[in-house]
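Visitor: To start, I am sharing the structure in question, which I have written as structure tokens.
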Amino acid sequence: MSKEHGYQVTVTWSGTTAGGYRAYDRGHDVTAAGKPPIAATADPAFLGDPARWNPEELLVAALSQCHLLTYLALCARHGITVTGYRDTATGRMAETPGGGGHFTEVTLHPEVTIAEEALADKAAELHHRAHELCFIAGSVNFPVHHEPTIHIG
């Protein structure tokens with residue numbers, strides 16, 4: 001039997017669009033109970049503040065975080081000691097005629113440091129399983145690639 005989980009966030013904006021498309025502030029806050037707000041905006045390409053997070057970055061971050069957490073759980077279950085993990089994830093989005101758009105791909109580049117060289121192949125292999133199990137990757141309709149690097153240290 002499957003379990004369902006619910007999530008609730010609040011997105012809050014205030015201002016005015018009276019000055020037209022180029023004039024209004026895109027800044028807004030994303031909040032959830034008991035957590036600090038995320039200062040968000042539109043992508044700078046769409047007149048957002050480059051000092052704030054935008055939804056496209058947050059989607060790429062969610063994919064990277066989900067992979068990280070799934071991967072660490074798998075490594076712990078397989079006796080692989082991970083001592084470091086860094087992912088510089090990248091995403092590509094294409095604009096479509098009429099003002100819309102969609103992501104075409106996200107690529108994760110996890111650099112993982114493990115304690116034992118003998119487990120390097122298994123550590124690399126577990127990225128494939130983490131991708132299969134990642135809730136967020138399983139929810140998007142574009143390819144999510146992963147190009148892991150394993151370090152011993």
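Residue numbers start at 1 in each chain; chains themselves are named A, B, ... in the order of the structure tokens; ligands are numbered from 1 in the order shown.
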Which residues are near range 39-51 of chain A? Cut-off 12 Å, only C-alpha atoms, ignore same chain within fewer than 3 positions. Put them as number ranges by chain.
Guide: A: 11-13, 21-31, 36, 54-58, 93, 95, 99-100
Visitor: Kindly save the residues from that selection, with N, CA, C and O atoms included, as an mmCIF file, in the first residue's frame.
Guide:
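Listed below is the output, result_21.cif:
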```cif
data_model
loop_
_atom_site.group_PDB
_atom_site.id
_atom_site.type_symbol
_atom_site.label_atom_id
_atom_site.label_comp_id
_atom_site.auth_asym_id
_atom_site.auth_seq_id
_atom_site.Cartn_x
_atom_site.Cartn_y
_atom_site.Cartn_z
ATOM 1 N N VAL A 11 2.928 31.636 -1.000
ATOM 2 C CA VAL A 11 3.649 32.616 -1.816
ATOM 3 C C VAL A 11 2.923 33.949 -1.652
ATOM 4 O O VAL A 11 1.709 34.027 -1.882
ATOM 5 N N THR A 12 3.676 34.988 -1.221
ATOM 6 C CA THR A 12 3.072 36.282 -0.932
ATOM 7 C C THR A 12 3.756 37.376 -1.722
ATOM 8 O O THR A 12 4.995 37.482 -1.719
ATOM 9 N N TRP A 13 2.966 38.186 -2.397
ATOM 10 C CA TRP A 13 3.446 39.346 -3.155
ATOM 11 C C TRP A 13 2.554 40.519 -2.830
ATOM 12 O O TRP A 13 1.342 40.354 -2.625
ATOM 13 N N TYR A 21 3.787 46.154 -17.542
ATOM 14 C CA TYR A 21 4.628 44.962 -17.439
ATOM 15 C C TYR A 21 6.038 45.261 -16.944
ATOM 16 O O TYR A 21 6.585 44.530 -16.144
ATOM 17 N N ARG A 22 6.662 46.294 -17.430
ATOM 18 C CA ARG A 22 8.053 46.569 -17.074
ATOM 19 C C ARG A 22 8.205 47.234 -15.712
ATOM 20 O O ARG A 22 9.300 47.294 -15.176
ATOM 21 N N ALA A 23 7.129 47.719 -15.124
ATOM 22 C CA ALA A 23 7.247 48.552 -13.933
ATOM 23 C C ALA A 23 7.038 47.837 -12.600
ATOM 24 O O ALA A 23 7.499 48.330 -11.576
ATOM 25 N N TYR A 24 6.366 46.720 -12.564
ATOM 26 C CA TYR A 24 6.040 46.148 -11.253
ATOM 27 C C TYR A 24 7.193 45.323 -10.687
ATOM 28 O O TYR A 24 8.010 44.761 -11.409
ATOM 29 N N ASP A 25 7.237 45.263 -9.373
ATOM 30 C CA ASP A 25 8.261 44.504 -8.644
ATOM 31 C C ASP A 25 7.891 43.026 -8.654
ATOM 32 O O ASP A 25 6.785 42.652 -8.290
ATOM 33 N N ARG A 26 8.832 42.203 -9.081
ATOM 34 C CA ARG A 26 8.601 40.758 -9.116
ATOM 35 C C ARG A 26 8.936 40.076 -7.798
ATOM 36 O O ARG A 26 8.743 38.877 -7.629
ATOM 37 N N GLY A 27 9.482 40.796 -6.841
ATOM 38 C CA GLY A 27 9.876 40.223 -5.559
ATOM 39 C C GLY A 27 8.696 39.670 -4.789
ATOM 40 O O GLY A 27 7.628 40.287 -4.740
ATOM 41 N N HIS A 28 8.881 38.500 -4.206
ATOM 42 C CA HIS A 28 7.854 37.861 -3.393
ATOM 43 C C HIS A 28 8.537 36.933 -2.392
ATOM 44 O O HIS A 28 9.737 36.682 -2.490
ATOM 45 N N ASP A 29 7.779 36.466 -1.421
ATOM 46 C CA ASP A 29 8.311 35.548 -0.418
ATOM 47 C C ASP A 29 7.621 34.202 -0.519
ATOM 48 O O ASP A 29 6.417 34.125 -0.761
ATOM 49 N N VAL A 30 8.414 33.154 -0.309
ATOM 50 C CA VAL A 30 7.893 31.796 -0.231
ATOM 51 C C VAL A 30 8.087 31.372 1.215
ATOM 52 O O VAL A 30 9.200 31.426 1.742
ATOM 53 N N THR A 31 7.007 30.965 1.874
ATOM 54 C CA THR A 31 7.097 30.584 3.275
ATOM 55 C C THR A 31 6.402 29.248 3.504
ATOM 56 O O THR A 31 5.548 28.823 2.724
ATOM 57 N N PRO A 36 12.254 29.801 7.750
ATOM 58 C CA PRO A 36 12.530 31.158 7.282
ATOM 59 C C PRO A 36 12.038 31.343 5.848
ATOM 60 O O PRO A 36 12.007 30.381 5.073
ATOM 61 N N ASN A 54 14.882 32.443 -8.059
ATOM 62 C CA ASN A 54 13.745 32.399 -8.982
ATOM 63 C C ASN A 54 13.228 30.958 -9.064
ATOM 64 O O ASN A 54 13.907 30.013 -8.660
ATOM 65 N N PRO A 55 12.005 30.772 -9.558
ATOM 66 C CA PRO A 55 11.416 29.425 -9.580
ATOM 67 C C PRO A 55 12.241 28.409 -10.362
ATOM 68 O O PRO A 55 12.288 27.229 -9.993
ATOM 69 N N GLU A 56 12.886 28.865 -11.425
ATOM 70 C CA GLU A 56 13.694 27.945 -12.231
ATOM 71 C C GLU A 56 14.885 27.420 -11.424
ATOM 72 O O GLU A 56 15.194 26.225 -11.452
ATOM 73 N N GLU A 57 15.549 28.311 -10.675
ATOM 74 C CA GLU A 57 16.656 27.877 -9.810
ATOM 75 C C GLU A 57 16.153 26.928 -8.725
ATOM 76 O O GLU A 57 16.815 25.936 -8.402
ATOM 77 N N LEU A 58 14.988 27.234 -8.168
ATOM 78 C CA LEU A 58 14.449 26.397 -7.104
ATOM 79 C C LEU A 58 14.084 25.000 -7.612
ATOM 80 O O LEU A 58 14.244 24.012 -6.892
ATOM 81 N N MET A 93 16.208 25.731 -20.070
ATOM 82 C CA MET A 93 14.808 26.021 -20.310
ATOM 83 C C MET A 93 14.683 26.675 -21.674
ATOM 84 O O MET A 93 15.511 27.513 -22.033
ATOM 85 N N GLU A 95 12.211 28.915 -24.198
ATOM 86 C CA GLU A 95 11.000 29.716 -24.349
ATOM 87 C C GLU A 95 10.278 29.256 -25.606
ATOM 88 O O GLU A 95 10.901 28.859 -26.586
ATOM 89 N N GLY A 99 4.946 33.216 -25.359
ATOM 90 C CA GLY A 99 5.313 33.620 -24.009
ATOM 91 C C GLY A 99 5.513 32.511 -23.004
ATOM 92 O O GLY A 99 5.857 32.777 -21.864
ATOM 93 N N GLY A 100 5.310 31.279 -23.387
ATOM 94 C CA GLY A 100 5.499 30.173 -22.455
ATOM 95 C C GLY A 100 6.910 29.610 -22.530
ATOM 96 O O GLY A 100 7.821 30.208 -23.111
#
```
Visitor: How would you write, as number ranges by chain, the set of residues in range 12-153 of chain A that DSSP gives as strand (DSSP E)?
Guide: A: 12, 28-31, 38-40, 82-87, 90-95, 101-108, 110-114, 144-146, 149-152
Visitor: Kindly export the residues of the current selection with N, CA and C atoms, as a tab-separated table (two decimals), in the first residue's frame.
Guide:
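Contents of out_21.tsv, freshly written:
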```
chain	number	residue	atom	x	y	z
A	12	THR	N	3.68	34.99	-1.22
A	12	THR	CA	3.07	36.28	-0.93
A	12	THR	C	3.76	37.38	-1.72
A	28	HIS	N	8.88	38.50	-4.21
A	28	HIS	CA	7.85	37.86	-3.39
A	28	HIS	C	8.54	36.93	-2.39
A	29	ASP	N	7.78	36.47	-1.42
A	29	ASP	CA	8.31	35.55	-0.42
A	29	ASP	C	7.62	34.20	-0.52
A	30	VAL	N	8.41	33.15	-0.31
A	30	VAL	CA	7.89	31.80	-0.23
A	30	VAL	C	8.09	31.37	1.22
A	31	THR	N	7.01	30.97	1.87
A	31	THR	CA	7.10	30.58	3.27
A	31	THR	C	6.40	29.25	3.50
A	38	ILE	N	11.89	32.33	1.90
A	38	ILE	CA	12.80	32.38	0.76
A	38	ILE	C	12.44	33.64	-0.02
A	39	ALA	N	13.41	34.52	-0.18
A	39	ALA	CA	13.20	35.73	-0.97
A	39	ALA	C	13.31	35.34	-2.44
A	40	ALA	N	12.21	35.47	-3.15
A	40	ALA	CA	12.15	34.99	-4.52
A	40	ALA	C	11.74	36.10	-5.48
A	82	VAL	N	30.22	8.13	3.02
A	82	VAL	CA	30.35	9.35	2.23
A	82	VAL	C	30.79	10.45	3.18
A	83	THR	N	31.88	11.14	2.82
A	83	THR	CA	32.39	12.21	3.69
A	83	THR	C	32.26	13.59	3.06
A	84	GLY	N	31.83	13.65	1.82
A	84	GLY	CA	31.62	14.94	1.16
A	84	GLY	C	30.77	14.78	-0.08
A	85	TYR	N	30.00	15.82	-0.39
A	85	TYR	CA	29.12	15.78	-1.55
A	85	TYR	C	28.90	17.22	-1.99
A	86	ARG	N	29.13	17.48	-3.25
A	86	ARG	CA	28.89	18.81	-3.81
A	86	ARG	C	28.35	18.63	-5.22
A	87	ASP	N	27.26	19.31	-5.53
A	87	ASP	CA	26.65	19.20	-6.85
A	87	ASP	C	26.44	20.60	-7.42
A	90	THR	N	22.89	22.00	-13.28
A	90	THR	CA	22.55	22.95	-14.34
A	90	THR	C	21.22	22.56	-14.97
A	91	GLY	N	20.47	23.58	-15.40
A	91	GLY	CA	19.20	23.33	-16.04
A	91	GLY	C	19.08	24.16	-17.31
A	92	ARG	N	18.34	23.65	-18.25
A	92	ARG	CA	18.10	24.35	-19.53
A	92	ARG	C	16.59	24.52	-19.70
A	93	MET	N	16.21	25.73	-20.07
A	93	MET	CA	14.81	26.02	-20.31
A	93	MET	C	14.68	26.68	-21.67
A	94	ALA	N	13.68	26.30	-22.43
A	94	ALA	CA	13.43	26.88	-23.74
A	94	ALA	C	12.14	27.69	-23.69
A	95	GLU	N	12.21	28.92	-24.20
A	95	GLU	CA	11.00	29.72	-24.35
A	95	GLU	C	10.28	29.26	-25.61
A	101	GLY	N	7.08	28.46	-21.96
A	101	GLY	CA	8.38	27.79	-22.00
A	101	GLY	C	8.34	26.52	-21.18
A	102	HIS	N	9.43	25.78	-21.23
A	102	HIS	CA	9.54	24.53	-20.48
A	102	HIS	C	11.01	24.15	-20.32
A	103	PHE	N	11.27	23.39	-19.28
A	103	PHE	CA	12.61	22.86	-19.10
A	103	PHE	C	12.84	21.78	-20.14
A	104	THR	N	14.05	21.75	-20.70
A	104	THR	CA	14.41	20.71	-21.65
A	104	THR	C	15.29	19.64	-21.01
A	105	GLU	N	16.01	20.01	-19.95
A	105	GLU	CA	16.83	19.05	-19.24
A	105	GLU	C	17.44	19.68	-18.00
A	106	VAL	N	17.82	18.84	-17.08
A	106	VAL	CA	18.65	19.22	-15.93
A	106	VAL	C	19.76	18.19	-15.85
A	107	THR	N	20.96	18.66	-15.56
A	107	THR	CA	22.10	17.75	-15.39
A	107	THR	C	22.69	17.98	-14.01
A	108	LEU	N	22.80	16.91	-13.25
A	108	LEU	CA	23.42	16.95	-11.93
A	108	LEU	C	24.88	16.54	-12.11
A	110	PRO	N	27.24	15.61	-9.39
A	110	PRO	CA	27.68	15.36	-8.01
A	110	PRO	C	29.14	14.93	-7.94
A	111	GLU	N	29.87	15.60	-7.06
A	111	GLU	CA	31.24	15.20	-6.73
A	111	GLU	C	31.18	14.64	-5.32
A	112	VAL	N	31.42	13.34	-5.22
A	112	VAL	CA	31.24	12.62	-3.98
A	112	VAL	C	32.59	12.14	-3.47
A	113	THR	N	32.84	12.34	-2.20
A	113	THR	CA	34.05	11.80	-1.57
A	113	THR	C	33.62	10.67	-0.65
A	114	ILE	N	34.25	9.51	-0.86
A	114	ILE	CA	33.97	8.34	-0.03
A	114	ILE	C	35.25	7.92	0.68
A	144	VAL	N	16.46	14.15	-16.62
A	144	VAL	CA	17.38	14.56	-15.55
A	144	VAL	C	18.59	13.64	-15.67
A	145	HIS	N	19.70	14.20	-16.07
A	145	HIS	CA	20.93	13.44	-16.25
A	145	HIS	C	21.79	13.59	-14.99
A	146	HIS	N	22.69	12.67	-14.81
A	146	HIS	CA	23.65	12.80	-13.70
A	146	HIS	C	25.02	12.35	-14.20
A	149	THR	N	31.16	12.20	-10.14
A	149	THR	CA	32.59	12.00	-9.98
A	149	THR	C	32.79	11.47	-8.55
A	150	ILE	N	33.57	10.41	-8.42
A	150	ILE	CA	33.82	9.82	-7.11
A	150	ILE	C	35.28	10.09	-6.73
A	151	HIS	N	35.48	10.64	-5.55
A	151	HIS	CA	36.81	10.90	-4.99
A	151	HIS	C	37.00	10.02	-3.76
A	152	ILE	N	38.23	9.68	-3.49
A	152	ILE	CA	38.56	8.90	-2.29
A	152	ILE	C	39.29	9.85	-1.34
```
Visitor: Counting only C-alpha atoms, which residue out of A:Ala32, A:Val9, A:Val60, A:Met1 sits closest to Ala137 in chain A?
Guide: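 Closest residue, counting only C-alpha atoms: A:Val60.
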Visitor: Counting only C-alpha atoms, what is within 12 Å of Glu125 in chain A, bar same-chain residues fewer than 4 positions away, as a PyMOL selection string?
Guide: chain A and resi 71+74-75+78+80+119-121+129-132+146-150
Visitor: Write out, as a PDB file, in the first residue's frame, the residues just selected, with N, CA, C and O atoms.
Guide:
```
ATOM      1  N   TYR A  71      20.599   9.522  -2.557  1.00  0.00           N
ATOM      2  CA  TYR A  71      21.919   8.901  -2.696  1.00  0.00           C
ATOM      3  C   TYR A  71      22.546   8.616  -1.331  1.00  0.00           C
ATOM      4  O   TYR A  71      23.073   7.521  -1.099  1.00  0.00           O
ATOM      5  N   LEU A  74      20.954   5.618   0.256  1.00  0.00           N
ATOM      6  CA  LEU A  74      21.404   4.371  -0.369  1.00  0.00           C
ATOM      7  C   LEU A  74      22.818   4.004   0.070  1.00  0.00           C
ATOM      8  O   LEU A  74      23.097   2.833   0.362  1.00  0.00           O
ATOM      9  N   CYS A  75      23.703   4.992   0.101  1.00  0.00           N
ATOM     10  CA  CYS A  75      25.082   4.707   0.531  1.00  0.00           C
ATOM     11  C   CYS A  75      25.108   4.205   1.970  1.00  0.00           C
ATOM     12  O   CYS A  75      25.817   3.238   2.286  1.00  0.00           O
ATOM     13  N   HIS A  78      24.132   0.679   2.120  1.00  0.00           N
ATOM     14  CA  HIS A  78      25.101  -0.238   1.503  1.00  0.00           C
ATOM     15  C   HIS A  78      26.478  -0.176   2.162  1.00  0.00           C
ATOM     16  O   HIS A  78      27.436  -0.724   1.636  1.00  0.00           O
ATOM     17  N   ILE A  80      28.541   2.340   2.557  1.00  0.00           N
ATOM     18  CA  ILE A  80      29.513   3.234   1.924  1.00  0.00           C
ATOM     19  C   ILE A  80      29.566   4.516   2.739  1.00  0.00           C
ATOM     20  O   ILE A  80      28.549   5.188   2.926  1.00  0.00           O
ATOM     21  N   LEU A 119      35.078   0.620  -2.663  1.00  0.00           N
ATOM     22  CA  LEU A 119      33.641   0.791  -2.864  1.00  0.00           C
ATOM     23  C   LEU A 119      33.313   1.855  -3.915  1.00  0.00           C
ATOM     24  O   LEU A 119      32.148   2.223  -4.087  1.00  0.00           O
ATOM     25  N   ALA A 120      34.322   2.324  -4.649  1.00  0.00           N
ATOM     26  CA  ALA A 120      34.109   3.400  -5.628  1.00  0.00           C
ATOM     27  C   ALA A 120      33.138   3.005  -6.731  1.00  0.00           C
ATOM     28  O   ALA A 120      32.272   3.800  -7.114  1.00  0.00           O
ATOM     29  N   ASP A 121      33.251   1.793  -7.257  1.00  0.00           N
ATOM     30  CA  ASP A 121      32.341   1.367  -8.324  1.00  0.00           C
ATOM     31  C   ASP A 121      30.899   1.297  -7.819  1.00  0.00           C
ATOM     32  O   ASP A 121      29.967   1.736  -8.509  1.00  0.00           O
ATOM     33  N   ARG A 129      20.550   4.274  -9.185  1.00  0.00           N
ATOM     34  CA  ARG A 129      19.427   3.877  -8.327  1.00  0.00           C
ATOM     35  C   ARG A 129      18.808   5.097  -7.648  1.00  0.00           C
ATOM     36  O   ARG A 129      17.575   5.190  -7.533  1.00  0.00           O
ATOM     37  N   ALA A 130      19.641   6.039  -7.211  1.00  0.00           N
ATOM     38  CA  ALA A 130      19.121   7.265  -6.588  1.00  0.00           C
ATOM     39  C   ALA A 130      18.235   8.016  -7.565  1.00  0.00           C
ATOM     40  O   ALA A 130      17.178   8.531  -7.192  1.00  0.00           O
ATOM     41  N   HIS A 131      18.641   8.058  -8.810  1.00  0.00           N
ATOM     42  CA  HIS A 131      17.829   8.730  -9.830  1.00  0.00           C
ATOM     43  C   HIS A 131      16.473   8.034  -9.978  1.00  0.00           C
ATOM     44  O   HIS A 131      15.430   8.694 -10.071  1.00  0.00           O
ATOM     45  N   GLU A 132      16.473   6.712  -9.988  1.00  0.00           N
ATOM     46  CA  GLU A 132      15.224   5.954 -10.120  1.00  0.00           C
ATOM     47  C   GLU A 132      14.281   6.196  -8.946  1.00  0.00           C
ATOM     48  O   GLU A 132      13.061   6.185  -9.110  1.00  0.00           O
ATOM     49  N   HIS A 146      22.693  12.667 -14.805  1.00  0.00           N
ATOM     50  CA  HIS A 146      23.646  12.800 -13.697  1.00  0.00           C
ATOM     51  C   HIS A 146      25.019  12.350 -14.203  1.00  0.00           C
ATOM     52  O   HIS A 146      25.143  11.335 -14.889  1.00  0.00           O
ATOM     53  N   GLU A 147      26.008  13.163 -13.885  1.00  0.00           N
ATOM     54  CA  GLU A 147      27.392  12.903 -14.277  1.00  0.00           C
ATOM     55  C   GLU A 147      28.256  12.939 -13.018  1.00  0.00           C
ATOM     56  O   GLU A 147      28.909  13.944 -12.727  1.00  0.00           O
ATOM     57  N   PRO A 148      28.256  11.844 -12.256  1.00  0.00           N
ATOM     58  CA  PRO A 148      28.963  11.841 -10.984  1.00  0.00           C
ATOM     59  C   PRO A 148      30.467  11.662 -11.114  1.00  0.00           C
ATOM     60  O   PRO A 148      30.961  11.074 -12.076  1.00  0.00           O
ATOM     61  N   THR A 149      31.155  12.200 -10.140  1.00  0.00           N
ATOM     62  CA  THR A 149      32.588  11.997  -9.976  1.00  0.00           C
ATOM     63  C   THR A 149      32.789  11.467  -8.550  1.00  0.00           C
ATOM     64  O   THR A 149      32.230  12.015  -7.607  1.00  0.00           O
ATOM     65  N   ILE A 150      33.569  10.411  -8.420  1.00  0.00           N
ATOM     66  CA  ILE A 150      33.824   9.816  -7.114  1.00  0.00           C
ATOM     67  C   ILE A 150      35.283  10.089  -6.731  1.00  0.00           C
ATOM     68  O   ILE A 150      36.195   9.821  -7.515  1.00  0.00           O
TER      69      ILE A 150
END
```
